[in-house]
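Visitor: A single structure is presented below for examination.
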Number of protein chains: 2
Amino acid sequence: MNTIELNKNGSVTSPKGFKAAGITAGLKKSGKPDLALIKSEFPTVTAGAFTNNLFAAAPVVWDRELLAAGQSIRAVVINSGIANACTGEQGYKDAKEMAVQVANLLHLKPEEVLVSSTGRIGVPMPMAIIKKGIAKAAAALRDDGGILASEAIITTDTRPKHISAALLINGKKVTIGGMTKGAGMIAPQMKICRPPQATMLSYITTDVAITRNALNACLSESLEKSYNRIIIDGDTSTNDTLICMANGQAGNQQLTESSASLKLFKEALNIVSGYLAKEMVLDGEGVSSFIELNISGARSDSDARKCAEAIARSPLCKTAWFGCDPNWGRILDAAGYCGIAFDPTKVQLDYEDVPVVRNGMDAGTPEEKLAELLHQREMSIHLDLGSGTGKFTLWTCDLTYEYVKINAEYHT
Amino acid sequence: MNTIELNKNGSVTSPKGFKAAGITAGLKKSGKPDLALIKSEFPTVTAGAFTNNLFAAAPVVWDRELLAAGQSIRAVVINSGIANACTGEQGYKDAKEMAVQVANLLHLKPEEVLVSSTGRIGVPMPMAIIKKGIAKAAAALRDDGGILASEAIITTDTRPKHISAALLINGKKVTIGGMTKGAGMIAPQMKICRPPQATMLSYITTDVAITRNALNACLSESLEKSYNRIIIDGDTSTNDTLICMANGQAGNQQLTESSASLKLFKEALNIVSGYLAKEMVLDGEGVSSFIELNISGARSDSDARKCAEAIARSPLCKTAWFGCDPNWGRILDAAGYCGIAFDPTKVQLDYEDVPVVRNGMDAGTPEEKLAELLHQREMSIHLDLGSGTGKFTLWTCDLTYEYVKINAEYHT
């Protein structure tokens, strides 16, 4: 088989040699699960990407140190409900203390344990609750605990997001598992072992044998094609984290940057990341429609990206999508103020494959026909600026009453 | 008197030698007034600023040409309901045709007539309706028509916005009158005789005698202290226009850039512009609270501005303000991702004069006390980045259900 098999019931425990747990420590008023643990039974090669927010949370600081030092990671502990951001030195001590406790319970070194937190900023960590929770999670580690873990990391998400993919490399079955949470503060701009944005947390496990450089290269590409091209509300969090752990238990010949099979693995990783990133947008706070924005004809890819981001952040575009209003003027308006150069008289706009704007003016398609397209749960928009070969695709969503409700009333 | 007297019942017809009208042409489904005309009985020195959107509307293109050529302006015609943007060559012909018709009726040259439009983008101008409306408005010009004019230019605004200020220059009474409309697509970045953003339209009349250079300098300063420092939704329109006409009828010695009295005139102009800009935010689409954002301690004024803009555009900050949620983490988060450098451990935040954050961490003020401050109709926020002397003040507002409603359902 040279194919990639997806399993929507898969999770971070689908690859060999990983256990996970998701339990209720008591950090959320709702009483829902709020603490997850992932453990690899074997040493791993691990790549990570983090928020570039100046107020990077304490666990992000801890994780970056471990990955920068090239530590072999064995476990990740994740709490939801409290972000441990803007918590000063005590916050860092608390993050480290979480790693130390996990290490003690699982017979690891603290430097083998990554920590993630998500939730309200500026609140001190209730370490007594956290510690009880960690003990509970360590005792609950299971071979099939991945879905429970994916349930414990969510905040305003309405459902857990997890998947796995299987492929053959040199005749050996390789599995990739993943889980993510998102919902709000989502506009990640992560860099490999540097910070992303928005509290999105995403964890990928795989049993592939791979070198650190090859894994970094794969994750870097995946990131650009998935998490770094989504915008829900446009706010970039202090806690964004993407971790990819590979423990080599598939028994394939170790992949390096020059392996012929690396391409297939990369493809599978891109599918897993793309699926999770898209799920994050579909389950974004209050989201009722998913919009794929394809920009082309810009003078450069970076110009195309600027244009896409302006449209994706525009409250007027987002509310028009919510209202199923074909008001294309708002899209052109955002392109027109985003700070890039192009010839407005050459602009073409299509909803799906239906012409909306030609040469910067109304293409004459009846409004009712356009409005129908907007009533779909998912729609693609294609804006061609007619001024070059630069292009960029971005996934975004509408802005709804529910978004305002969630964020005007959000107190974890 | 060396004082400036404000009159909230004043308008663009308060200065000597100006007439105005506001009538219903029939452009709005609501049947409300939708066409305004301002006329100076005497030649004027006129300064203007316009949107920098690449899709600048046809009337903006026409106005820029007249002001760039140094034309003495005698009249402005303004319609609401349709933006005449993204309408191609026909749009430009229509804008010019509006000027020609006003000129014929008022015995002026077309080059003496500015044109403004606001409303839906991409819709052709119904010239038959417009022409009937212009004839009606020309017949309705009155010495006290300023308030009627201010009523005819509004779109989603809930009330007209107008004011006048009087001062003495060399013993002569000088009057400044102004009107504005805003509500949505508001984040103006206007430059003198270049385009601003968001459909804000603002007209200032004065009977002062002043040179073109001095008026340009005054308007330029006013702009930066008023319209260019407001953000309602962060979208910058294709039609933003600020016009200031001075007809010299006060009989003062002509002000030049070196006149000692220029300072007082400038102060009065700043007060009028500041009042109108603030009114625009207070009457922004769905706005329930007005927020003055004071940023200090940045490495430069431009860094401070970037930081203020990120906070003012953040849906999470704006919905927290709506929810009267003191969630200061969202403000620090936005500062942290806005792309400027500062030391996060030196950051201080205050709501009014109450400490919220000290050294990047919770200052310990009880949440209830902070929430009380947020229940005010107007609140000031002071964020000090502790890393320099750069500062910037911006006026913004919350994001409410009503904003989503207006913009998901807006069809002029």
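Here's how to read the names in the structure tokens: chain A, B, ... by the order shown, residue numbers from 1 in each chain, ligand numbers from 1 in the order shown.
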Need to verify the contact set: region 31-36 of chain B, 9 Å, only C-alpha atoms, exclusion of same-chain residues closer than 4 positions in sequence. Can you return it as a list in words?
Guide: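 That gives Ala20, Ala21, Gly22, Ile23, Thr24, Ala25, Gly26, Leu27, Val76, Val77, Ile78, Asn79, Ser80, Gly81, Ile130, Gly133, Ile134, Ala137, Leu148, Ala149, Ser150, Glu151, Ala152, Ile153, Ile154 and Thr155 of chain B.
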Visitor: Could you write out the selected residues, including N, CA, C and O atoms, as a compact mmCIF listing (two decimals), in the first residue's frame?
Guide:
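For reference, result.txt as written:
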```txt
# COMPACT_ATOMS: atom_id res chain seq x y z
N ALA B 20 -27.14 75.35 3.75
CA ALA B 20 -27.16 73.88 3.60
C ALA B 20 -28.58 73.37 3.49
O ALA B 20 -29.54 74.09 3.79
N ALA B 21 -28.69 72.14 3.03
CA ALA B 21 -29.98 71.48 2.92
C ALA B 21 -29.81 69.99 3.14
O ALA B 21 -28.73 69.43 2.89
N GLY B 22 -30.85 69.35 3.63
CA GLY B 22 -30.87 67.89 3.75
C GLY B 22 -32.26 67.42 3.36
O GLY B 22 -33.25 67.88 3.93
N ILE B 23 -32.35 66.58 2.34
CA ILE B 23 -33.67 66.19 1.84
C ILE B 23 -33.73 64.68 1.59
O ILE B 23 -32.72 63.98 1.67
N THR B 24 -34.92 64.20 1.27
CA THR B 24 -35.09 62.78 0.93
C THR B 24 -35.19 62.63 -0.58
O THR B 24 -36.15 63.11 -1.20
N ALA B 25 -34.17 61.99 -1.14
CA ALA B 25 -34.19 61.76 -2.58
C ALA B 25 -34.86 60.43 -2.89
O ALA B 25 -35.46 60.27 -3.96
N GLY B 26 -34.77 59.49 -1.96
CA GLY B 26 -35.39 58.18 -2.18
C GLY B 26 -34.36 57.07 -2.40
O GLY B 26 -34.64 56.06 -3.03
N LEU B 27 -33.16 57.26 -1.86
CA LEU B 27 -32.10 56.25 -2.03
C LEU B 27 -32.17 55.17 -0.95
O LEU B 27 -31.67 54.07 -1.13
N VAL B 76 -20.58 71.31 -1.70
CA VAL B 76 -20.38 69.87 -1.54
C VAL B 76 -21.75 69.20 -1.58
O VAL B 76 -22.67 69.62 -0.88
N VAL B 77 -21.88 68.16 -2.41
CA VAL B 77 -23.11 67.38 -2.43
C VAL B 77 -22.79 65.98 -1.90
O VAL B 77 -21.75 65.41 -2.25
N ILE B 78 -23.65 65.49 -1.04
CA ILE B 78 -23.38 64.22 -0.34
C ILE B 78 -24.63 63.34 -0.38
O ILE B 78 -25.71 63.80 0.02
N ASN B 79 -24.47 62.11 -0.85
CA ASN B 79 -25.61 61.20 -0.74
C ASN B 79 -25.27 60.03 0.17
O ASN B 79 -24.12 59.58 0.23
N SER B 80 -26.26 59.54 0.89
CA SER B 80 -26.09 58.32 1.69
C SER B 80 -26.97 57.23 1.10
O SER B 80 -27.94 57.51 0.41
N GLY B 81 -26.57 55.96 1.35
CA GLY B 81 -27.36 54.83 0.81
C GLY B 81 -26.57 54.03 -0.21
O GLY B 81 -26.67 52.81 -0.27
N ILE B 130 -31.06 60.47 -8.05
CA ILE B 130 -30.06 61.42 -7.55
C ILE B 130 -30.32 62.82 -8.11
O ILE B 130 -30.27 63.82 -7.38
N GLY B 133 -33.16 64.49 -6.62
CA GLY B 133 -32.78 64.85 -5.25
C GLY B 133 -31.93 66.11 -5.21
O GLY B 133 -32.11 66.98 -4.35
N ILE B 134 -30.99 66.20 -6.15
CA ILE B 134 -30.11 67.39 -6.17
C ILE B 134 -30.94 68.65 -6.44
O ILE B 134 -30.74 69.70 -5.79
N ALA B 137 -32.69 69.55 -3.29
CA ALA B 137 -31.78 70.09 -2.29
C ALA B 137 -31.37 71.52 -2.62
O ALA B 137 -31.29 72.39 -1.75
N LEU B 148 -30.28 69.83 9.28
CA LEU B 148 -30.96 68.97 8.30
C LEU B 148 -29.93 68.22 7.44
O LEU B 148 -30.08 67.03 7.15
N ALA B 149 -28.87 68.93 7.06
CA ALA B 149 -27.81 68.29 6.27
C ALA B 149 -27.17 67.15 7.07
O ALA B 149 -26.92 66.06 6.53
N SER B 150 -26.93 67.39 8.36
CA SER B 150 -26.27 66.37 9.19
C SER B 150 -27.16 65.14 9.35
O SER B 150 -26.68 64.03 9.56
N GLU B 151 -28.47 65.34 9.23
CA GLU B 151 -29.40 64.20 9.31
C GLU B 151 -29.42 63.40 8.01
O GLU B 151 -29.72 62.20 8.02
N ALA B 152 -29.12 64.06 6.91
CA ALA B 152 -29.23 63.40 5.60
C ALA B 152 -27.99 62.56 5.25
O ALA B 152 -28.04 61.74 4.34
N ILE B 153 -26.88 62.78 5.96
CA ILE B 153 -25.66 62.03 5.59
C ILE B 153 -25.50 60.74 6.36
O ILE B 153 -24.63 59.94 6.06
N ILE B 154 -26.34 60.49 7.37
CA ILE B 154 -26.11 59.32 8.22
C ILE B 154 -26.59 58.02 7.58
O ILE B 154 -27.46 58.03 6.71
N THR B 155 -25.98 56.91 7.98
CA THR B 155 -26.41 55.58 7.49
C THR B 155 -26.87 54.75 8.69
O THR B 155 -28.04 54.85 9.08
```
Visitor: Could I get the residues of chain A with an atom no further than 7 Å from an atom of chain B, each paired with its nearest atom pair and that distance in Å to one decimal, using only C-alpha atoms, sorted by chain and residue number, as JSON lines?
Guide:
```
{"residue": "A:Asn52", "atom": "CA", "partner": "B:Tyr337", "partner_atom": "CA", "distance": 6.9}
{"residue": "A:Asn53", "atom": "CA", "partner": "B:Tyr337", "partner_atom": "CA", "distance": 4.7}
{"residue": "A:Leu54", "atom": "CA", "partner": "B:Gly336", "partner_atom": "CA", "distance": 4.4}
{"residue": "A:Phe55", "atom": "CA", "partner": "B:Gly336", "partner_atom": "CA", "distance": 5.5}
{"residue": "A:Cys86", "atom": "CA", "partner": "B:Met361", "partner_atom": "CA", "distance": 5.2}
{"residue": "A:Thr87", "atom": "CA", "partner": "B:Met361", "partner_atom": "CA", "distance": 5.7}
{"residue": "A:Gly88", "atom": "CA", "partner": "B:Met361", "partner_atom": "CA", "distance": 6.5}
{"residue": "A:Ile121", "atom": "CA", "partner": "B:Gly329", "partner_atom": "CA", "distance": 4.9}
{"residue": "A:Gly122", "atom": "CA", "partner": "B:Gly329", "partner_atom": "CA", "distance": 6.1}
{"residue": "A:Asp233", "atom": "CA", "partner": "B:Pro315", "partner_atom": "CA", "distance": 6.4}
{"residue": "A:Asp235", "atom": "CA", "partner": "B:Ser314", "partner_atom": "CA", "distance": 6.2}
{"residue": "A:Thr236", "atom": "CA", "partner": "B:Tyr337", "partner_atom": "CA", "distance": 6.2}
{"residue": "A:Ser237", "atom": "CA", "partner": "B:Asp333", "partner_atom": "CA", "distance": 6.3}
{"residue": "A:Thr238", "atom": "CA", "partner": "B:Asp333", "partner_atom": "CA", "distance": 6.3}
{"residue": "A:Ser314", "atom": "CA", "partner": "B:Asp235", "partner_atom": "CA", "distance": 6.2}
{"residue": "A:Pro315", "atom": "CA", "partner": "B:Asp233", "partner_atom": "CA", "distance": 6.4}
{"residue": "A:Leu316", "atom": "CA", "partner": "B:Asn407", "partner_atom": "CA", "distance": 6.4}
{"residue": "A:Thr319", "atom": "CA", "partner": "B:Ala408", "partner_atom": "CA", "distance": 4.8}
{"residue": "A:Ala320", "atom": "CA", "partner": "B:Ala408", "partner_atom": "CA", "distance": 4.9}
{"residue": "A:Phe322", "atom": "CA", "partner": "B:Ala408", "partner_atom": "CA", "distance": 6.0}
{"residue": "A:Gly323", "atom": "CA", "partner": "B:Ala408", "partner_atom": "CA", "distance": 4.1}
{"residue": "A:Gly329", "atom": "CA", "partner": "B:Ile121", "partner_atom": "CA", "distance": 4.9}
{"residue": "A:Asp333", "atom": "CA", "partner": "B:Thr238", "partner_atom": "CA", "distance": 6.3}
{"residue": "A:Ala334", "atom": "CA", "partner": "B:Asp235", "partner_atom": "CA", "distance": 6.8}
{"residue": "A:Gly336", "atom": "CA", "partner": "B:Leu54", "partner_atom": "CA", "distance": 4.5}
{"residue": "A:Tyr337", "atom": "CA", "partner": "B:Asn53", "partner_atom": "CA", "distance": 4.7}
{"residue": "A:Pro344", "atom": "CA", "partner": "B:Phe55", "partner_atom": "CA", "distance": 6.2}
{"residue": "A:Gly360", "atom": "CA", "partner": "B:Cys86", "partner_atom": "CA", "distance": 5.9}
{"residue": "A:Met361", "atom": "CA", "partner": "B:Cys86", "partner_atom": "CA", "distance": 5.3}
{"residue": "A:Asp362", "atom": "CA", "partner": "B:Gly122", "partner_atom": "CA", "distance": 6.1}
{"residue": "A:Thr400", "atom": "CA", "partner": "B:Val404", "partner_atom": "CA", "distance": 6.5}
{"residue": "A:Tyr401", "atom": "CA", "partner": "B:Tyr401", "partner_atom": "CA", "distance": 5.6}
{"residue": "A:Val404", "atom": "CA", "partner": "B:Thr319", "partner_atom": "CA", "distance": 5.9}
{"residue": "A:Asn407", "atom": "CA", "partner": "B:Thr319", "partner_atom": "CA", "distance": 5.7}
{"residue": "A:Ala408", "atom": "CA", "partner": "B:Gly323", "partner_atom": "CA", "distance": 4.1}
{"residue": "A:Glu409", "atom": "CA", "partner": "B:Gly323", "partner_atom": "CA", "distance": 5.9}
```
Visitor: Between CA of Tyr92 (chain B) and CA of Gly182 (chain B), what is the distance, to one decimal in Å?
Guide: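 These atoms are spaced 23.2 Å apart.
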Visitor: Which residue out of A:Asn216, A:Ser164, A:Thr175, A:Asn270 has the minimum interatomic distance to Asn9 (chain A) when only C-alpha atoms are used?
Guide: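 Closest candidate: A:Ser164.
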Visitor: Quick one: everything within 7 Å of Val174 (chain A), counting only C-alpha atoms, minus sequence neighbours fewer than 4 positions away in the same chain. Send it as a PyMOL selection string.
Guide: chain A and resi 166-169+207-208+250
Visitor: Which of region 176-315 of chain A counts as helix (DSSP H, G or I) under DSSP, as a VMD selection string please?
Guide: chain A and resid 212 to 225 227 to 229 262 to 282 301 to 313 315
Visitor: What is the CA of Lys109 (chain A)-CA of Trp62 (chain A) distance in Å, reported with one decimal?
Guide: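 Interatomic distance, CA of Lys109 (chain A) to CA of Trp62 (chain A): 13.9 Å.
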Visitor: Output as a list in words all residues of region 206-307 of chain A that backbone DSSP marks as strand (DSSP E).
Guide: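 Filtering region 206-307 of chain A to strand (DSSP E) leaves Thr206, Thr241, Leu242, Ile243, Cys244, Met245, Ala246, Phe290, Ile291, Glu292, Leu293, Asn294, Ile295, Ser296, Gly297 and Ala298 of chain A.
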